[in-house]
>>> print(open('input.txt').read())   # compact mmCIF, C-alpha atoms (C1' of nucleotides)
# COMPACT_ATOMS: atom_id res chain seq x y z
CA MET A 22 95.99 128.78 124.08
CA SER A 23 93.90 127.24 126.84
CA PRO A 24 95.69 124.33 128.51
CA LEU A 25 92.63 122.16 127.95
CA LYS A 26 92.63 122.91 124.26
CA HIS A 27 96.32 122.04 124.15
CA LYS A 28 95.71 118.76 125.95
CA ILE A 29 92.91 117.81 123.57
CA LEU A 30 95.14 118.52 120.59
CA GLN A 31 97.91 116.43 122.01
CA VAL A 32 95.68 113.48 122.91
CA ALA A 33 93.88 113.59 119.57
CA SER A 34 97.20 113.70 117.77
CA ASP A 35 98.42 110.64 119.63
CA LEU A 36 95.23 108.63 119.15
CA PHE A 37 95.00 109.49 115.47
CA GLN A 38 98.52 108.23 114.93
CA THR A 39 98.19 105.03 116.92
CA ARG A 40 94.63 104.00 116.04
CA GLY A 41 93.82 105.89 112.87
CA ILE A 42 91.72 109.01 112.41
CA ASN A 43 88.40 107.57 111.36
CA ALA A 44 88.74 104.80 113.90
CA THR A 45 89.04 107.30 116.76
CA GLY A 46 85.79 108.75 118.01
CA VAL A 47 85.47 112.04 119.85
CA ASP A 48 84.18 110.14 122.88
CA THR A 49 87.51 108.34 123.12
CA ILE A 50 89.44 111.58 122.76
CA VAL A 51 87.61 113.38 125.56
CA ALA A 52 87.80 110.31 127.80
CA VAL A 53 91.58 110.08 127.44
CA ALA A 54 92.02 113.83 127.70
CA GLY A 55 89.94 113.82 130.86
CA THR A 56 87.33 116.28 129.69
CA THR A 57 83.95 116.26 128.03
CA LYS A 58 82.50 116.59 124.56
CA MET A 59 80.98 119.96 125.45
CA THR A 60 84.42 121.37 126.14
CA LEU A 61 85.88 119.84 123.00
CA TYR A 62 83.16 121.30 120.83
CA LYS A 63 83.62 124.69 122.44
CA HIS A 64 87.25 124.74 121.30
CA PHE A 65 86.76 122.95 117.97
CA THR A 66 83.60 123.43 116.00
CA SER A 67 83.65 119.95 114.52
CA LYS A 68 85.75 116.82 114.37
CA GLU A 69 86.96 117.82 110.94
CA LEU A 70 88.29 121.13 112.27
CA LEU A 71 89.98 119.26 115.10
CA ILE A 72 91.67 116.97 112.58
CA LEU A 73 92.83 119.95 110.54
CA GLU A 74 94.29 121.64 113.61
CA VAL A 75 96.04 118.44 114.62
CA LEU A 76 97.56 118.17 111.16
CA LYS A 77 98.73 121.76 111.26
CA LYS A 78 100.31 121.26 114.66
CA CYS A 79 102.12 118.09 113.57
CA HIS A 80 103.48 119.68 110.44
CA GLN A 81 104.52 122.82 112.30
CA ASP A 82 106.28 120.78 114.97
CA PHE A 83 108.16 118.80 112.36
CA GLN A 84 109.16 121.74 110.22
CA SER A 85 110.32 123.92 113.10
CA TRP A 86 112.23 121.04 114.69
CA LEU A 87 113.94 120.33 111.40
CA ASN A 88 114.72 123.96 110.79
CA ASP A 89 116.21 124.43 114.25
CA ARG A 90 118.20 121.27 113.82
CA LEU A 91 119.70 122.41 110.54
CA SER A 92 120.38 126.03 111.42
CA ARG A 93 122.19 125.05 114.61
CA HIS A 94 125.47 124.57 112.78
CA ASP A 95 125.58 127.17 110.04
CA ARG A 96 128.09 125.37 107.90
CA LYS A 97 128.30 125.41 104.18
CA PRO A 98 124.92 125.01 102.45
CA ALA A 99 126.08 121.84 100.71
CA GLU A 100 126.82 120.19 104.04
CA LYS A 101 123.44 121.31 105.27
CA LEU A 102 121.82 119.27 102.54
CA GLN A 103 123.67 116.20 103.77
CA LYS A 104 122.92 116.96 107.39
CA LEU A 105 119.26 116.98 106.45
CA PHE A 106 119.18 113.21 106.22
CA ASP A 107 120.91 112.79 109.55
CA ALA A 108 118.21 114.93 111.09
CA ILE A 109 115.42 112.99 109.40
CA GLU A 110 117.00 109.74 110.53
CA GLU A 111 117.05 111.03 114.06
CA TRP A 112 113.42 112.09 113.78
CA ILE A 113 112.30 108.75 112.41
CA ASN A 114 114.30 106.74 114.91
CA SER A 115 112.88 108.64 117.84
CA PRO A 116 110.62 106.39 119.92
CA ALA A 117 107.85 108.95 119.56
CA TYR A 118 107.79 108.53 115.80
CA GLN A 119 104.58 106.94 114.61
CA GLY A 120 104.47 107.82 110.97
CA MET A 121 104.08 111.12 109.19
CA ALA A 122 100.72 112.72 109.89
CA PHE A 123 99.98 114.14 106.46
CA LEU A 124 100.97 110.94 104.70
CA LYS A 125 98.50 108.90 106.69
CA ALA A 126 95.77 111.53 106.59
CA SER A 127 95.85 111.72 102.81
CA ALA A 128 95.46 107.95 102.65
CA GLU A 129 92.52 107.98 105.00
CA PHE A 130 90.83 110.85 103.15
CA PRO A 131 91.48 110.06 99.50
CA GLU A 132 88.84 112.34 98.03
CA GLU A 133 90.22 115.46 96.39
CA SER A 134 87.21 117.39 97.65
CA SER A 135 88.11 116.69 101.28
CA ALA A 136 89.62 119.63 103.15
CA ILE A 137 91.82 117.17 105.00
CA HIS A 138 93.19 115.73 101.79
CA ARG A 139 93.86 119.20 100.44
CA LEU A 140 95.71 120.27 103.57
CA SER A 141 97.85 117.13 103.39
CA ALA A 142 98.70 117.94 99.80
CA GLU A 143 99.66 121.48 100.76
CA GLN A 144 101.92 120.26 103.53
CA SER A 145 103.56 117.76 101.23
CA GLU A 146 104.25 120.58 98.78
CA ALA A 147 105.49 122.91 101.50
CA PHE A 148 108.01 120.29 102.53
CA ARG A 149 109.15 119.90 98.95
CA ASP A 150 109.55 123.64 98.66
CA TYR A 151 111.66 123.60 101.79
CA LEU A 152 113.89 120.94 100.25
CA ALA A 153 114.12 122.92 97.04
CA ALA A 154 115.25 126.01 98.95
CA LEU A 155 117.97 123.97 100.65
CA ALA A 156 119.09 122.57 97.32
CA ARG A 157 119.21 125.98 95.71
CA GLU A 158 121.29 127.40 98.54
CA ALA A 159 123.64 124.48 98.07
CA GLY A 160 124.13 125.53 94.48
CA VAL A 161 122.14 122.83 92.75
CA LYS A 162 121.01 123.94 89.32
CA ASP A 163 117.96 121.73 89.05
CA HIS A 164 117.03 122.28 92.67
CA LYS A 165 113.38 121.52 92.09
CA GLY A 166 114.16 118.21 90.47
CA LEU A 167 116.51 117.18 93.24
CA ALA A 168 113.99 118.27 95.86
CA LEU A 169 111.35 116.06 94.33
CA GLN A 170 113.71 113.09 94.23
CA LEU A 171 114.76 113.60 97.83
CA SER A 172 111.16 113.98 98.93
CA LEU A 173 110.34 110.64 97.37
CA LEU A 174 113.16 109.03 99.31
CA ILE A 175 112.18 110.68 102.57
CA GLU A 176 108.46 110.05 102.33
CA GLY A 177 109.15 106.53 101.18
CA ALA A 178 111.41 105.95 104.17
CA MET A 179 108.88 107.47 106.53
CA HIS A 180 106.26 105.12 105.23
CA ALA A 181 108.56 102.11 105.31
CA GLU A 182 109.38 102.80 108.92
CA HIS A 183 105.71 103.17 109.76
CA ILE A 184 104.77 99.92 108.08
CA ARG A 185 107.53 98.02 109.83
CA ARG A 186 109.57 99.47 112.61
CA GLY A 187 113.30 98.98 112.14
CA SER A 188 113.11 98.40 108.41
CA GLY A 189 116.18 100.58 107.98
CA GLY A 190 114.61 102.45 105.12
CA ILE A 191 116.07 105.77 106.16
CA ARG A 192 119.58 104.35 106.28
CA HIS A 193 119.33 103.34 102.63
CA ALA A 194 117.58 106.56 101.77
CA LYS A 195 120.58 108.41 103.15
CA LYS A 196 122.97 106.47 100.98
CA ALA A 197 120.82 107.05 97.92
CA ALA A 198 120.53 110.73 98.76
CA ARG A 199 124.29 111.11 98.89
CA ILE A 200 124.59 109.72 95.39
CA LEU A 201 121.78 111.87 94.04
CA ILE A 202 123.08 115.02 95.69
CA ASP A 203 126.60 114.46 94.35
CA ASN A 204 125.18 113.88 90.93
CA ALA A 205 123.05 117.02 91.04
CA LEU A 206 125.92 119.17 92.26
CA LYS A 207 128.13 118.02 89.38
CA ALA A 208 125.51 118.80 86.74
CA MET B 26 84.57 81.96 91.85
CA SER B 27 80.95 83.00 91.87
CA PRO B 28 80.31 86.02 89.64
CA LEU B 29 78.58 87.76 92.51
CA LYS B 30 81.57 87.28 94.76
CA HIS B 31 83.76 88.66 92.01
CA LYS B 32 81.50 91.67 91.58
CA ILE B 33 81.51 92.38 95.31
CA LEU B 34 85.31 92.23 95.39
CA GLN B 35 85.57 94.60 92.48
CA VAL B 36 83.06 97.10 93.85
CA ALA B 37 84.60 96.98 97.33
CA SER B 38 88.04 97.49 95.86
CA ASP B 39 86.89 100.55 93.95
CA LEU B 40 85.01 102.10 96.88
CA PHE B 41 87.87 101.48 99.30
CA GLN B 42 90.25 103.28 96.98
CA THR B 43 88.03 106.24 96.21
CA ARG B 44 86.40 106.81 99.60
CA GLY B 45 88.65 105.04 102.08
CA ILE B 46 88.19 101.70 103.79
CA ASN B 47 86.76 102.71 107.13
CA ALA B 48 84.60 105.32 105.47
CA THR B 49 82.92 102.69 103.28
CA GLY B 50 80.14 100.70 104.91
CA VAL B 51 79.01 97.27 103.79
CA ASP B 52 75.59 98.74 103.03
CA THR B 53 77.17 100.98 100.40
CA ILE B 54 79.10 98.08 98.93
CA VAL B 55 76.09 95.82 98.49
CA ALA B 56 73.99 98.72 97.16
CA VAL B 57 76.54 99.52 94.43
CA ALA B 58 77.16 95.85 93.68
CA GLY B 59 73.42 95.34 93.36
CA THR B 60 73.10 92.63 95.97
CA THR B 61 72.33 92.30 99.67
CA LYS B 62 74.20 92.01 102.90
CA MET B 63 73.08 88.41 103.32
CA THR B 64 74.86 87.46 100.12
CA LEU B 65 77.97 89.41 101.03
CA TYR B 66 78.23 87.76 104.40
CA LYS B 67 77.74 84.35 102.81
CA HIS B 68 80.85 84.90 100.70
CA PHE B 69 82.89 86.83 103.26
CA THR B 70 82.56 86.06 106.93
CA SER B 71 83.25 89.60 108.05
CA LYS B 72 84.18 93.00 106.70
CA GLU B 73 87.74 92.42 107.81
CA LEU B 74 88.00 89.27 105.71
CA LEU B 75 86.54 91.15 102.77
CA ILE B 76 89.19 93.83 103.18
CA LEU B 77 91.93 91.21 103.33
CA GLU B 78 90.67 89.52 100.16
CA VAL B 79 90.47 92.87 98.38
CA LEU B 80 94.06 93.61 99.37
CA LYS B 81 95.21 90.22 98.13
CA LYS B 82 93.45 90.72 94.83
CA CYS B 83 94.94 94.19 94.33
CA HIS B 84 98.44 93.03 95.08
CA GLN B 85 98.09 89.97 92.89
CA ASP B 86 96.75 92.05 90.00
CA PHE B 87 99.65 94.46 90.31
CA GLN B 88 102.36 91.87 90.64
CA SER B 89 101.13 89.69 87.78
CA TRP B 90 100.61 92.69 85.52
CA LEU B 91 104.12 93.88 86.28
CA ASN B 92 105.61 90.46 85.77
CA ASP B 93 103.87 89.98 82.43
CA ARG B 94 104.94 93.42 81.36
CA LEU B 95 108.60 92.74 82.16
CA SER B 96 108.84 89.22 80.83
CA ARG B 97 107.29 90.20 77.50
CA HIS B 98 110.64 91.29 76.10
CA ASP B 99 113.22 88.98 77.55
CA ARG B 100 116.14 91.25 77.03
CA LYS B 101 119.19 91.52 79.15
CA PRO B 102 118.45 91.55 82.89
CA ALA B 103 120.07 94.96 83.27
CA GLU B 104 117.65 96.46 80.77
CA LYS B 105 114.80 94.77 82.57
CA LEU B 106 115.67 96.75 85.67
CA GLN B 107 115.39 99.96 83.68
CA LYS B 108 112.20 98.83 81.96
CA LEU B 109 110.72 98.35 85.41
CA PHE B 110 110.30 102.06 85.89
CA ASP B 111 108.67 102.49 82.50
CA ALA B 112 106.16 99.86 83.51
CA ILE B 113 105.51 101.49 86.86
CA GLU B 114 105.10 104.83 85.17
CA GLU B 115 102.55 103.31 82.84
CA TRP B 116 100.73 101.76 85.79
CA ILE B 117 100.63 104.99 87.74
CA ASN B 118 99.60 107.09 84.77
CA SER B 119 96.73 104.78 83.91
CA PRO B 120 93.41 106.52 84.57
CA ALA B 121 92.38 103.61 86.77
CA TYR B 122 95.22 104.28 89.18
CA GLN B 123 93.98 105.47 92.54
CA GLY B 124 96.90 104.85 94.82
CA MET B 125 98.52 101.65 95.99
CA ALA B 126 96.18 99.54 98.07
CA PHE B 127 98.61 98.26 100.68
CA LEU B 128 100.12 101.70 101.22
CA LYS B 129 96.77 103.21 102.07
CA ALA B 130 95.57 100.21 104.07
CA SER B 131 98.60 100.31 106.33
CA ALA B 132 97.94 103.99 106.99
CA GLU B 133 94.33 103.36 107.84
CA PHE B 134 95.15 100.41 110.11
CA PRO B 135 98.30 101.54 111.93
CA GLU B 136 98.16 99.01 114.73
CA GLU B 137 100.73 96.25 114.45
CA SER B 138 98.19 93.82 115.88
CA SER B 139 95.82 94.38 112.98
CA ALA B 140 95.71 91.58 110.44
CA ILE B 141 95.24 94.20 107.74
CA HIS B 142 98.38 96.03 108.77
CA ARG B 143 100.35 92.81 108.83
CA LEU B 144 99.17 91.79 105.37
CA SER B 145 100.15 95.23 104.05
CA ALA B 146 103.58 94.82 105.54
CA GLU B 147 103.96 91.39 103.94
CA GLN B 148 102.98 92.73 100.54
CA SER B 149 105.41 95.59 100.87
CA GLU B 150 108.15 93.11 101.64
CA ALA B 151 107.13 90.80 98.82
CA PHE B 152 107.47 93.69 96.41
CA ARG B 153 110.88 94.49 97.76
CA ASP B 154 111.91 90.88 97.34
CA TYR B 155 110.74 91.03 93.76
CA LEU B 156 112.90 94.08 93.17
CA ALA B 157 115.85 92.39 94.83
CA ALA B 158 115.49 89.39 92.53
CA LEU B 159 115.51 91.67 89.50
CA ALA B 160 118.57 93.46 90.79
CA ARG B 161 120.42 90.23 91.45
CA GLU B 162 119.66 88.94 87.96
CA ALA B 163 121.02 92.20 86.63
CA GLY B 164 124.29 91.49 88.38
CA VAL B 165 124.03 93.99 91.19
CA LYS B 166 126.18 92.97 94.10
CA ASP B 167 124.23 94.73 96.82
CA HIS B 168 120.92 93.76 95.29
CA LYS B 169 119.04 94.03 98.57
CA GLY B 170 120.30 97.52 99.20
CA LEU B 171 119.42 98.69 95.72
CA ALA B 172 116.01 97.05 95.98
CA LEU B 173 115.28 98.95 99.15
CA GLN B 174 116.34 102.23 97.59
CA LEU B 175 114.25 101.63 94.50
CA SER B 176 111.26 100.64 96.61
CA LEU B 177 111.48 103.93 98.46
CA LEU B 178 111.43 105.79 95.17
CA ILE B 179 108.54 103.77 93.79
CA GLU B 180 106.38 103.87 96.89
CA GLY B 181 107.17 107.53 97.32
CA ALA B 182 106.13 108.21 93.74
CA MET B 183 102.97 106.18 94.16
CA HIS B 184 102.07 108.19 97.18
CA ALA B 185 102.96 111.50 95.54
CA GLU B 186 100.71 110.69 92.62
CA HIS B 187 97.90 109.70 94.93
CA ILE B 188 98.16 112.88 96.94
CA ARG B 189 98.17 115.05 93.83
CA ARG B 190 97.45 113.72 90.40
CA GLY B 191 99.99 114.78 87.81
CA SER B 192 102.71 115.59 90.31
CA GLY B 193 105.22 113.95 88.02
CA GLY B 194 106.80 112.07 90.90
CA ILE B 195 107.37 108.95 88.87
CA ARG B 196 109.20 110.88 86.17
CA HIS B 197 111.74 112.09 88.69
CA ALA B 198 111.84 108.71 90.36
CA LYS B 199 112.84 107.22 87.02
CA LYS B 200 115.71 109.67 86.66
CA ALA B 201 116.87 108.99 90.17
CA ALA B 202 116.59 105.26 89.60
CA ARG B 203 118.83 105.43 86.57
CA ILE B 204 121.54 107.10 88.61
CA LEU B 205 121.21 104.66 91.50
CA ILE B 206 121.18 101.62 89.23
CA ASP B 207 124.26 102.79 87.34
CA ASN B 208 125.99 103.40 90.61
CA ALA B 209 125.08 99.98 91.98
CA LEU B 210 126.18 98.19 88.83
CA LYS B 211 129.60 99.85 88.95
CA ALA B 212 130.17 98.90 92.57
C1' DT C 11 78.72 138.04 149.38
C1' DT C 12 76.70 138.23 145.14
C1' DT C 13 77.19 137.85 140.33
C1' DC C 14 78.67 135.86 136.32
C1' DG C 15 81.22 133.11 132.86
C1' DG C 16 83.62 128.98 131.77
C1' DA C 17 83.90 124.14 132.65
C1' DT C 18 81.33 120.36 133.80
C1' DA C 19 77.95 116.17 134.14
C1' DT C 20 74.26 113.91 132.20
C1' DA C 21 71.20 112.78 129.14
C1' DC C 22 69.77 112.77 124.73
C1' DC C 23 69.20 112.76 119.40
C1' DA C 24 69.12 110.80 114.83
C1' DG C 25 71.82 108.28 111.90
C1' DC C 26 75.11 105.01 110.72
C1' DC C 27 77.85 100.80 111.78
C1' DT C 28 78.56 95.52 111.49
C1' DG C 29 76.16 91.51 111.70
C1' DT C 30 71.88 88.33 111.95
C1' DA C 31 67.09 86.09 111.89
C1' DT C 32 63.32 84.86 109.17
C1' DA C 33 60.88 84.09 105.43
C1' DT C 34 60.29 84.30 100.38
C1' DT C 35 61.75 83.89 95.82
C1' DT C 36 64.61 82.25 92.20
C1' DT C 37 67.74 78.94 90.24
C1' DT C 38 69.82 74.61 89.77
C1' DT C 39 69.77 69.70 90.09
C1' DG C 40 68.04 64.95 90.33
C1' DC D 4 58.08 67.90 87.97
C1' DA D 5 60.02 67.77 92.59
C1' DA D 6 63.67 68.62 95.79
C1' DA D 7 67.55 71.04 97.11
C1' DA D 8 70.32 75.07 96.98
C1' DA D 9 71.33 79.78 96.25
C1' DA D 10 69.99 84.43 96.36
C1' DT D 11 66.75 87.63 97.82
C1' DA D 12 63.80 91.04 100.62
C1' DT D 13 62.79 92.82 104.94
C1' DA D 14 63.35 93.70 109.31
C1' DC D 15 65.86 94.00 113.28
C1' DA D 16 69.52 94.13 117.07
C1' DG D 17 73.00 96.47 119.76
C1' DG D 18 76.45 99.59 119.66
C1' DC D 19 79.00 103.47 118.18
C1' DT D 20 79.02 107.98 115.50
C1' DG D 21 79.19 113.21 115.57
C1' DG D 22 76.79 116.70 117.73
C1' DT D 23 73.53 119.18 121.14
C1' DA D 24 70.30 120.74 125.05
C1' DT D 25 69.95 121.52 129.76
C1' DA D 26 71.23 122.22 134.07
C1' DT D 27 74.73 122.36 137.59
C1' DC D 28 79.05 123.51 139.54
C1' DC D 29 82.95 126.32 140.76
C1' DG D 30 86.21 129.97 140.89
C1' DA D 31 87.12 134.72 140.12
C1' DA D 32 85.71 139.43 139.84
C1' DA D 33 82.62 143.11 141.64
>>> encode(input="input.txt", output="structure tokens")
Amino acid sequence: MSPLKHKILQVASDLFQTRGINATGVDTIVAVAGTTKMTLYKHFTSKELLILEVLKKCHQDFQSWLNDRLSRHDRKPAEKLQKLFDAIEEWINSPAYQGMAFLKASAEFPEESSAIHRLSAEQSEAFRDYLAALAREAGVKDHKGLALQLSLLIEGAMHAEHIRRGSGGIRHAKKAARILIDNALKA
Amino acid sequence: MSPLKHKILQVASDLFQTRGINATGVDTIVAVAGTTKMTLYKHFTSKELLILEVLKKCHQDFQSWLNDRLSRHDRKPAEKLQKLFDAIEEWINSPAYQGMAFLKASAEFPEESSAIHRLSAEQSEAFRDYLAALAREAGVKDHKGLALQLSLLIEGAMHAEHIRRGSGGIRHAKKAARILIDNALKA
DNA sequence: TTTCGGATATACCAGCCTGTATATTTTTTG
DNA sequence: CAAAAAATATACAGGCTGGTATATCCGAAA
């Protein structure tokens, strides 16, 4: 990928998170990225496509980081499920954290017909599927149910931390997760 | 309150939910409400103030509905805590439900300096306080901790249902809540 | 050195944005 | 009925929006 394209993606991603998507014009993006609209529109056909690519990049970054983080120590699957929340806590507490991209995007584009909303929904589901796979490996019978519960906790904590930094949502989510995981493993 | 002002609030509230706040111009609002910009700006000094009043109204409607719903049967406080999730499920499953206002507003106005973001944060806290009060009445020792956990579940479910209608998030949240409440009561 | 393609600068378009000025009509009140 | 108040229509201002047309520049390949 062209370094300019990469820079535009990175700048757009940052501005979308800090100022909001609709509130960020392409003029601002190119100004910060140090390029021009012509160049931007040569790499991305429209602002909507730029937004979609930014979302894909954010989700990919998160998922691959998380996956790396969890497969580093290949312990027992059940421990992996617990480690998951440590990783998420680390992610959320990182200074770079500014909220989860697909959560905010779906709020800003509420219409079902919007491609952005649909992509957000897909990413939310993909994450749930990932959780379900972890739960199944850990031997949870109702792995889908547990995955949904854990996703509520995680997305809730991500939002809580976005709405007020240092709310400690993830710490309580971790405690709740431990209880729910234990319960699901026993069943 | 003037009926026109009321109508504007209601129309704005609906449009903000269905199309997004930034994506909804005042021209659209007055057109749907059947009035003019002059009238709108006589009742609300700016669009920002209109947004703030809409948020207040939404939160007030939700909180008073929930309170009525829970105080109808004045059973034992512990049952009230369980009934809470039935009420929330009913609220979310209502056809009128289009996502929680303050959740979406905080996503659309991510800057801490924004009055809209701050109001959203306050409402989120107020809701948590409400949960904590319920938990304390029910005899939960760590009522604040449980309240935070339950708020993650509820806000997560509200978001899940907004992102995809019929996701069943609240059903699983209810199950998880039962486990967490039981656990907190025993402690 | 010439040619050629990608990046650039600049200017522009039409439409939408929030907000206002002015003047007219309707409604309420004394 | 008259005076005051509220709501209206219309038009406009200035700025930002996403997106484009044109022409220049610059570095690499021939």
>>> interface_residues(input="input.txt", of="chain B", to="chain D", cutoff="9 Å", atoms="only C-alpha atoms (C1' of nucleotides)", output="VMD selection string")
chain B and resid 60 to 61 63 to 64
>>> interface_residues(input="input.txt", of="chain C", to="chain B", cutoff="10 Å", atoms="all atoms listed in the file", output="PyMOL selection string")
chain C and resi 26-30
>>> closest_atom_pairs(input="input.txt", of="chain A", to="chain B", cutoff="8 Å", atoms="only C-alpha atoms", output="CSV")
residue,atom,partner,partner_atom,distance
A:Gln38,CA,B:Pro135,CA,7.3
A:Thr39,CA,B:Pro135,CA,6.1
A:Arg40,CA,B:Pro135,CA,6.0
A:Gly41,CA,B:Glu133,CA,5.7
A:Ile42,CA,B:Glu133,CA,7.7
A:Asn43,CA,B:Asn47,CA,6.6
A:Ala44,CA,B:Asn47,CA,7.4
A:Leu124,CA,B:Ala132,CA,7.9
A:Lys125,CA,B:Ala132,CA,5.0
A:Ala126,CA,B:Ala132,CA,7.9
A:Ser127,CA,B:Ile188,CA,6.4
A:Ala128,CA,B:Lys129,CA,5.0
A:Glu129,CA,B:Gly45,CA,5.7
A:Phe130,CA,B:Gly45,CA,6.3
A:Pro131,CA,B:Arg44,CA,6.0
A:Glu132,CA,B:Arg44,CA,6.2
A:His138,CA,B:Ile188,CA,7.5
A:Ser141,CA,B:Ile188,CA,7.7
A:Ala142,CA,B:Ile188,CA,5.8
A:Gly166,CA,B:His197,CA,6.8
A:Leu169,CA,B:His197,CA,6.9
A:Gln170,CA,B:His197,CA,6.0
A:Ser172,CA,B:Gly181,CA,7.8
A:Leu173,CA,B:Gly181,CA,4.4
A:Leu174,CA,B:Leu177,CA,5.4
A:Ile175,CA,B:Gly181,CA,7.9
A:Glu176,CA,B:Gly181,CA,5.8
A:Gly177,CA,B:Leu177,CA,4.4
A:Ala178,CA,B:Leu177,CA,6.1
A:Ala181,CA,B:Leu177,CA,7.7
A:His183,CA,B:Pro135,CA,7.9
A:Ile184,CA,B:Ala146,CA,5.8
A:Arg185,CA,B:Ala146,CA,6.7
A:Gly190,CA,B:Leu173,CA,7.0
A:His193,CA,B:Gln174,CA,6.0
A:Ala194,CA,B:Gln174,CA,6.1
A:Ala197,CA,B:Gln174,CA,6.6
A:Ile200,CA,B:Leu205,CA,7.2
A:Leu201,CA,B:Ala201,CA,6.9
>>> residues_near_point(input="input.txt", point="(123.3, 131.4, 101.6)", cutoff="8 Å", atoms="all atoms listed in the file", output="list in words")
Pro98, Glu158 and Ala159 of chain A
>>> residues_around(input="input.txt", residues="Leu73 in chain A", least_positions_apart="3", cutoff="8 Å", atoms="only C-alpha atoms (C1' of nucleotides)", output="PyMOL selection string")
chain A and resi 69-70+76-77+137+140
>>> atom_distance(input="input.txt", atom1="CA of Leu40 in chain B", atom2="CA of Pro120 in chain B")
15.5 Å
>>> axis_aligned_box(input="input.txt", around="range 76-81 of chain B", padding_each_side="8 Å", output="AutoDock Vina command-line options")
--center_x 92.2 --center_y 91.7 --center_z 100.7 --size_x 22.0 --size_y 20.3 --size_z 21.2
>>> atom_distance(input="input.txt", atom1="C1' of DT38 in chain C", atom2="CA of Leu29 in chain B")
16.0 Å
>>> atom_distance(input="input.txt", atom1="CA of Asp111 in chain B", atom2="CA of Gln148 in chain B")
21.3 Å
>>> build_atoms(input="input.txt", residues="range 99-112 of chain B", atoms="N, CA and C atoms", output="PDB file, keeping the file's coordinate frame")
ATOM      1  N   ASP B  99     112.217  89.569  76.681  1.00  0.00           N
ATOM      2  CA  ASP B  99     113.220  88.980  77.550  1.00  0.00           C
ATOM      3  C   ASP B  99     114.607  89.436  77.112  1.00  0.00           C
ATOM      4  N   ARG B 100     114.834  90.715  77.394  1.00  0.00           N
ATOM      5  CA  ARG B 100     116.140  91.250  77.030  1.00  0.00           C
ATOM      6  C   ARG B 100     117.152  90.931  78.129  1.00  0.00           C
ATOM      7  N   LYS B 101     118.186  91.710  78.121  1.00  0.00           N
ATOM      8  CA  LYS B 101     119.190  91.520  79.150  1.00  0.00           C
ATOM      9  C   LYS B 101     118.626  91.953  80.501  1.00  0.00           C
ATOM     10  N   PRO B 102     118.974  91.250  81.546  1.00  0.00           N
ATOM     11  CA  PRO B 102     118.450  91.550  82.890  1.00  0.00           C
ATOM     12  C   PRO B 102     118.672  93.001  83.295  1.00  0.00           C
ATOM     13  N   ALA B 103     119.797  93.585  82.882  1.00  0.00           N
ATOM     14  CA  ALA B 103     120.070  94.960  83.270  1.00  0.00           C
ATOM     15  C   ALA B 103     119.054  95.906  82.657  1.00  0.00           C
ATOM     16  N   GLU B 104     118.663  95.634  81.417  1.00  0.00           N
ATOM     17  CA  GLU B 104     117.650  96.460  80.770  1.00  0.00           C
ATOM     18  C   GLU B 104     116.297  96.287  81.442  1.00  0.00           C
ATOM     19  N   LYS B 105     116.071  95.070  81.895  1.00  0.00           N
ATOM     20  CA  LYS B 105     114.800  94.770  82.570  1.00  0.00           C
ATOM     21  C   LYS B 105     114.631  95.695  83.775  1.00  0.00           C
ATOM     22  N   LEU B 106     115.714  95.906  84.473  1.00  0.00           N
ATOM     23  CA  LEU B 106     115.670  96.750  85.670  1.00  0.00           C
ATOM     24  C   LEU B 106     115.289  98.178  85.294  1.00  0.00           C
ATOM     25  N   GLN B 107     115.756  98.612  84.134  1.00  0.00           N
ATOM     26  CA  GLN B 107     115.390  99.960  83.680  1.00  0.00           C
ATOM     27  C   GLN B 107     113.939  99.981  83.209  1.00  0.00           C
ATOM     28  N   LYS B 108     113.563  98.926  82.486  1.00  0.00           N
ATOM     29  CA  LYS B 108     112.200  98.830  81.960  1.00  0.00           C
ATOM     30  C   LYS B 108     111.171  98.851  83.100  1.00  0.00           C
ATOM     31  N   LEU B 109     111.615  98.377  84.254  1.00  0.00           N
ATOM     32  CA  LEU B 109     110.720  98.350  85.410  1.00  0.00           C
ATOM     33  C   LEU B 109     110.066  99.694  85.648  1.00  0.00           C
ATOM     34  N   PHE B 110     110.854 100.744  85.576  1.00  0.00           N
ATOM     35  CA  PHE B 110     110.300 102.060  85.890  1.00  0.00           C
ATOM     36  C   PHE B 110     109.373 102.583  84.786  1.00  0.00           C
ATOM     37  N   ASP B 111     109.630 102.147  83.556  1.00  0.00           N
ATOM     38  CA  ASP B 111     108.670 102.490  82.500  1.00  0.00           C
ATOM     39  C   ASP B 111     107.326 101.832  82.790  1.00  0.00           C
ATOM     40  N   ALA B 112     107.400 100.584  83.209  1.00  0.00           N
ATOM     41  CA  ALA B 112     106.160  99.860  83.510  1.00  0.00           C
ATOM     42  C   ALA B 112     105.416 100.533  84.659  1.00  0.00           C
TER      43      ALA B 112
END
